[in-house]
Amino acid sequence: EICKEHPDHPLTWQIKAFEVVHDRANQEIEYKNAWLEFYGVPAVYVPYFYHPDPTVKRKTGLLTPSLGISSELGTMIRVPVYVGISPTTDATITPIFTSKEGPVLFVEHRNRFVGGWFEGRGSVTQGTGTDAESKATRGEDDEDIRGHFKGRLGMDIDDTWRAGTN
């Protein structure tokens with residue numbers, strides 16, 4: 001919203017477009033020839049863009065990508081995809097691309113059920129890194145498949161007691 005005290009100041013960010021269509025049947029807002037502005041300055045142009053309208057609580061699709069830098073992994077980009085599996089189950093699948101190591105696939109899974117919940121997350125990658133000296137020090141082979149899994153389970157026994165595990 002525009003600042004009530006300073007209505008002439010530009011918004012922190014906004015999307016502008018030559019054409020905006022609210023598709024009520026699919027609950028989507030479509031933009032044609034759109035650009036993202038920060039403080040009134042155009043920063044990113046896209047010929048086509050869409051997102052769920054504000055009435056949508058959950059919808060399968062791309063989430064905001066992120067960039068990062070790590071001394072061990074190099075430059076990284078994450079491109080998460082949200083998947084609404086059912087009204088009580090969803091997942092986020094995130095491929096991670098790095099400049100010093102191979103790609104990583106990271107998955108988060110959430111499930112609510114009568115009397116409890118489960119959350120799991122895991123990743124898998126195959127070593128293809130360029131840092132041979134540090135790999136040799138750690139005793140790793142470039143072809144190693146590595147990964148992790150972490151899970152949490154919670155159960156409501158009754159109104160007073162709960163049980164869970166990690």
# chains A, B, ... in the order shown; residues from 1 in each chain; ligands from 1

$ residues_around --residues "Arg58 in chain A" --least-positions-apart "3" --cutoff "10 Å" --atoms "only C-alpha atoms" --output "PyMOL selection string"
chain A and resi 52+55+61+82-84+87+90

$ residues_around --residues "Ser66 in chain A" --least-positions-apart "2" --cutoff "8 Å" --atoms "only C-alpha atoms" --output "short mmCIF file (atom, residue, chain, number, x, y, z; two decimals) with N, CA, C and O atoms, in the first residue's frame"
data_model
loop_
_atom_site.label_atom_id
_atom_site.label_comp_id
_atom_site.auth_asym_id
_atom_site.auth_seq_id
_atom_site.Cartn_x
_atom_site.Cartn_y
_atom_site.Cartn_z
N THR A 64 10.12 -18.25 -5.25
CA THR A 64 11.17 -17.28 -5.55
C THR A 64 12.55 -17.94 -5.56
O THR A 64 12.95 -18.51 -4.55
N GLY A 68 23.26 -17.38 -3.83
CA GLY A 68 24.13 -17.32 -2.67
C GLY A 68 25.56 -17.62 -3.06
O GLY A 68 25.84 -18.06 -4.17
N ILE A 77 22.57 -21.23 -6.98
CA ILE A 77 21.21 -20.76 -7.29
C ILE A 77 20.25 -21.88 -6.89
O ILE A 77 20.49 -23.05 -7.18
N ARG A 78 19.19 -21.49 -6.19
CA ARG A 78 18.15 -22.42 -5.76
C ARG A 78 16.86 -22.05 -6.48
O ARG A 78 16.50 -20.88 -6.52
N VAL A 79 16.18 -23.05 -7.04
CA VAL A 79 14.93 -22.81 -7.77
C VAL A 79 13.85 -23.73 -7.19
O VAL A 79 13.61 -24.82 -7.69
#

$ select_by_dssp --residues "chain A" --states "strand (DSSP E or B)" --output "MDAnalysis selection string"
chainID A and resid 13:23 28:38 41:52 61:62 66:70 74:78 81:86 89:98 104:113 116:126 145:156 162:165

$ residues_around --residues "range 27-37 of chain A" --least-positions-apart "6" --cutoff "9 Å" --atoms "only C-alpha atoms" --output "PyMOL selection string"
chain A and resi 11-21+43-56

$ write_last_selection --atoms "N, CA and C atoms" --output "PDB file, in the first residue's frame"
ATOM      1  N   LEU A  11       6.821   3.225  -4.100  1.00  0.00           N
ATOM      2  CA  LEU A  11       6.706   1.985  -3.334  1.00  0.00           C
ATOM      3  C   LEU A  11       8.057   1.283  -3.271  1.00  0.00           C
ATOM      4  N   THR A  12       8.254   0.462  -2.235  1.00  0.00           N
ATOM      5  CA  THR A  12       9.493  -0.305  -2.133  1.00  0.00           C
ATOM      6  C   THR A  12       9.652  -1.169  -3.375  1.00  0.00           C
ATOM      7  N   TRP A  13       8.595  -1.869  -3.769  1.00  0.00           N
ATOM      8  CA  TRP A  13       8.605  -2.638  -5.003  1.00  0.00           C
ATOM      9  C   TRP A  13       7.191  -2.731  -5.549  1.00  0.00           C
ATOM     10  N   GLN A  14       7.097  -2.933  -6.850  1.00  0.00           N
ATOM     11  CA  GLN A  14       5.808  -3.143  -7.497  1.00  0.00           C
ATOM     12  C   GLN A  14       6.027  -3.763  -8.870  1.00  0.00           C
ATOM     13  N   ILE A  15       4.987  -4.451  -9.344  1.00  0.00           N
ATOM     14  CA  ILE A  15       5.005  -5.012 -10.694  1.00  0.00           C
ATOM     15  C   ILE A  15       4.121  -4.131 -11.561  1.00  0.00           C
ATOM     16  N   LYS A  16       4.649  -3.732 -12.714  1.00  0.00           N
ATOM     17  CA  LYS A  16       3.869  -2.970 -13.690  1.00  0.00           C
ATOM     18  C   LYS A  16       3.870  -3.750 -14.994  1.00  0.00           C
ATOM     19  N   ALA A  17       2.827  -3.531 -15.815  1.00  0.00           N
ATOM     20  CA  ALA A  17       2.736  -4.245 -17.079  1.00  0.00           C
ATOM     21  C   ALA A  17       1.874  -3.465 -18.055  1.00  0.00           C
ATOM     22  N   PHE A  18       2.057  -3.761 -19.357  1.00  0.00           N
ATOM     23  CA  PHE A  18       1.219  -3.148 -20.371  1.00  0.00           C
ATOM     24  C   PHE A  18      -0.177  -3.743 -20.340  1.00  0.00           C
ATOM     25  N   GLU A  19      -0.263  -5.038 -19.934  1.00  0.00           N
ATOM     26  CA  GLU A  19      -1.573  -5.676 -19.846  1.00  0.00           C
ATOM     27  C   GLU A  19      -1.611  -6.587 -18.622  1.00  0.00           C
ATOM     28  N   VAL A  20      -2.663  -6.454 -17.813  1.00  0.00           N
ATOM     29  CA  VAL A  20      -2.873  -7.295 -16.631  1.00  0.00           C
ATOM     30  C   VAL A  20      -4.263  -7.910 -16.749  1.00  0.00           C
ATOM     31  N   VAL A  21      -4.341  -9.244 -16.611  1.00  0.00           N
ATOM     32  CA  VAL A  21      -5.605  -9.956 -16.726  1.00  0.00           C
ATOM     33  C   VAL A  21      -5.808 -10.782 -15.462  1.00  0.00           C
ATOM     34  N   ALA A  43      13.766  -2.734 -12.683  1.00  0.00           N
ATOM     35  CA  ALA A  43      14.918  -3.597 -12.423  1.00  0.00           C
ATOM     36  C   ALA A  43      14.916  -4.858 -13.272  1.00  0.00           C
ATOM     37  N   VAL A  44      13.749  -5.478 -13.478  1.00  0.00           N
ATOM     38  CA  VAL A  44      13.674  -6.745 -14.205  1.00  0.00           C
ATOM     39  C   VAL A  44      12.485  -6.694 -15.157  1.00  0.00           C
ATOM     40  N   TYR A  45      12.722  -7.089 -16.411  1.00  0.00           N
ATOM     41  CA  TYR A  45      11.656  -7.155 -17.414  1.00  0.00           C
ATOM     42  C   TYR A  45      11.379  -8.617 -17.748  1.00  0.00           C
ATOM     43  N   VAL A  46      10.104  -8.981 -17.890  1.00  0.00           N
ATOM     44  CA  VAL A  46       9.708 -10.301 -18.376  1.00  0.00           C
ATOM     45  C   VAL A  46       8.557 -10.126 -19.357  1.00  0.00           C
ATOM     46  N   PRO A  47       8.580 -10.856 -20.473  1.00  0.00           N
ATOM     47  CA  PRO A  47       7.493 -10.710 -21.439  1.00  0.00           C
ATOM     48  C   PRO A  47       6.170 -11.282 -20.934  1.00  0.00           C
ATOM     49  N   TYR A  48       6.244 -12.289 -20.044  1.00  0.00           N
ATOM     50  CA  TYR A  48       5.031 -12.898 -19.516  1.00  0.00           C
ATOM     51  C   TYR A  48       5.308 -13.372 -18.091  1.00  0.00           C
ATOM     52  N   PHE A  49       4.339 -13.157 -17.211  1.00  0.00           N
ATOM     53  CA  PHE A  49       4.476 -13.558 -15.812  1.00  0.00           C
ATOM     54  C   PHE A  49       3.078 -13.767 -15.248  1.00  0.00           C
ATOM     55  N   TYR A  50       2.924 -14.737 -14.356  1.00  0.00           N
ATOM     56  CA  TYR A  50       1.637 -14.906 -13.685  1.00  0.00           C
ATOM     57  C   TYR A  50       1.862 -15.416 -12.278  1.00  0.00           C
ATOM     58  N   HIS A  51       0.879 -15.209 -11.432  1.00  0.00           N
ATOM     59  CA  HIS A  51       0.908 -15.729 -10.068  1.00  0.00           C
ATOM     60  C   HIS A  51      -0.523 -15.938  -9.593  1.00  0.00           C
ATOM     61  N   PRO A  52      -0.707 -16.751  -8.538  1.00  0.00           N
ATOM     62  CA  PRO A  52      -2.062 -16.955  -8.018  1.00  0.00           C
ATOM     63  C   PRO A  52      -2.643 -15.643  -7.499  1.00  0.00           C
ATOM     64  N   ASP A  53      -3.950 -15.501  -7.604  1.00  0.00           N
ATOM     65  CA  ASP A  53      -4.562 -14.288  -7.061  1.00  0.00           C
ATOM     66  C   ASP A  53      -4.628 -14.395  -5.531  1.00  0.00           C
ATOM     67  N   PRO A  54      -4.923 -13.299  -4.849  1.00  0.00           N
ATOM     68  CA  PRO A  54      -4.872 -13.297  -3.379  1.00  0.00           C
ATOM     69  C   PRO A  54      -5.856 -14.239  -2.688  1.00  0.00           C
ATOM     70  N   THR A  55      -6.838 -14.790  -3.408  1.00  0.00           N
ATOM     71  CA  THR A  55      -7.782 -15.709  -2.777  1.00  0.00           C
ATOM     72  C   THR A  55      -7.212 -17.118  -2.631  1.00  0.00           C
ATOM     73  N   VAL A  56      -6.100 -17.415  -3.300  1.00  0.00           N
ATOM     74  CA  VAL A  56      -5.520 -18.757  -3.298  1.00  0.00           C
ATOM     75  C   VAL A  56      -4.636 -18.947  -2.068  1.00  0.00           C
TER      76      VAL A  56
END

$ closest_residue --among "A:Asp23, A:Glu5, A:Glu108, A:Glu119" --to "Ala91 in chain A" --atoms "only C-alpha atoms"
A:Glu108

$ closest_residue --among "A:Phe113, A:Gly102, A:Tyr39, A:Thr160" --to "Asp144 in chain A" --atoms "only C-alpha atoms"
A:Gly102

$ residues_around --residues "Gly147 in chain A" --least-positions-apart "5" --cutoff "7 Å" --atoms "only C-alpha atoms" --output "MDAnalysis selection string"
chainID A and resid 122:125

$ write_last_selection --atoms "N, CA and C atoms" --output "PDB file, in the first residue's frame"
ATOM      1  N   GLY A 122      15.225 -34.059   2.885  1.00  0.00           N
ATOM      2  CA  GLY A 122      16.399 -34.821   2.488  1.00  0.00           C
ATOM      3  C   GLY A 122      17.011 -34.240   1.231  1.00  0.00           C
ATOM      4  N   SER A 123      18.219 -34.708   0.946  1.00  0.00           N
ATOM      5  CA  SER A 123      18.914 -34.240  -0.252  1.00  0.00           C
ATOM      6  C   SER A 123      19.745 -35.372  -0.819  1.00  0.00           C
ATOM      7  N   VAL A 124      20.086 -35.234  -2.076  1.00  0.00           N
ATOM      8  CA  VAL A 124      20.969 -36.187  -2.732  1.00  0.00           C
ATOM      9  C   VAL A 124      21.813 -35.429  -3.750  1.00  0.00           C
ATOM     10  N   THR A 125      23.074 -35.838  -3.872  1.00  0.00           N
ATOM     11  CA  THR A 125      23.984 -35.241  -4.841  1.00  0.00           C
ATOM     12  C   THR A 125      25.031 -36.273  -5.221  1.00  0.00           C
TER      13      THR A 125
END

$ residues_around --residues "Leu73 in chain A" --least-positions-apart "6" --cutoff "6 Å" --atoms "only C-alpha atoms" --output "ChimeraX atom specification"
/A:98,100-101

$ atom_distance --atom1 "CA of Asn111 in chain A" --atom2 "CA of Thr60 in chain A"
15.7 Å

$ closest_residue --among "A:Arg112, A:Val107, A:Thr75, A:Asn26" --to "Pro95 in chain A" --atoms "only C-alpha atoms"
A:Val107

$ closest_residue --among "A:His109, A:Lys150, A:His6, A:His22" --to "Thr89 in chain A" --atoms "only C-alpha atoms"
A:His109

$ residues_around --residues "Thr94 in chain A" --least-positions-apart "6" --cutoff "6 Å" --atoms "only C-alpha atoms" --output "number ranges by chain"
A: 79-80, 105-106

$ closest_residue --among "A:Arg24, A:Arg110, A:Arg162, A:Lys59" --to "Thr88 in chain A" --atoms "only C-alpha atoms"
A:Arg110
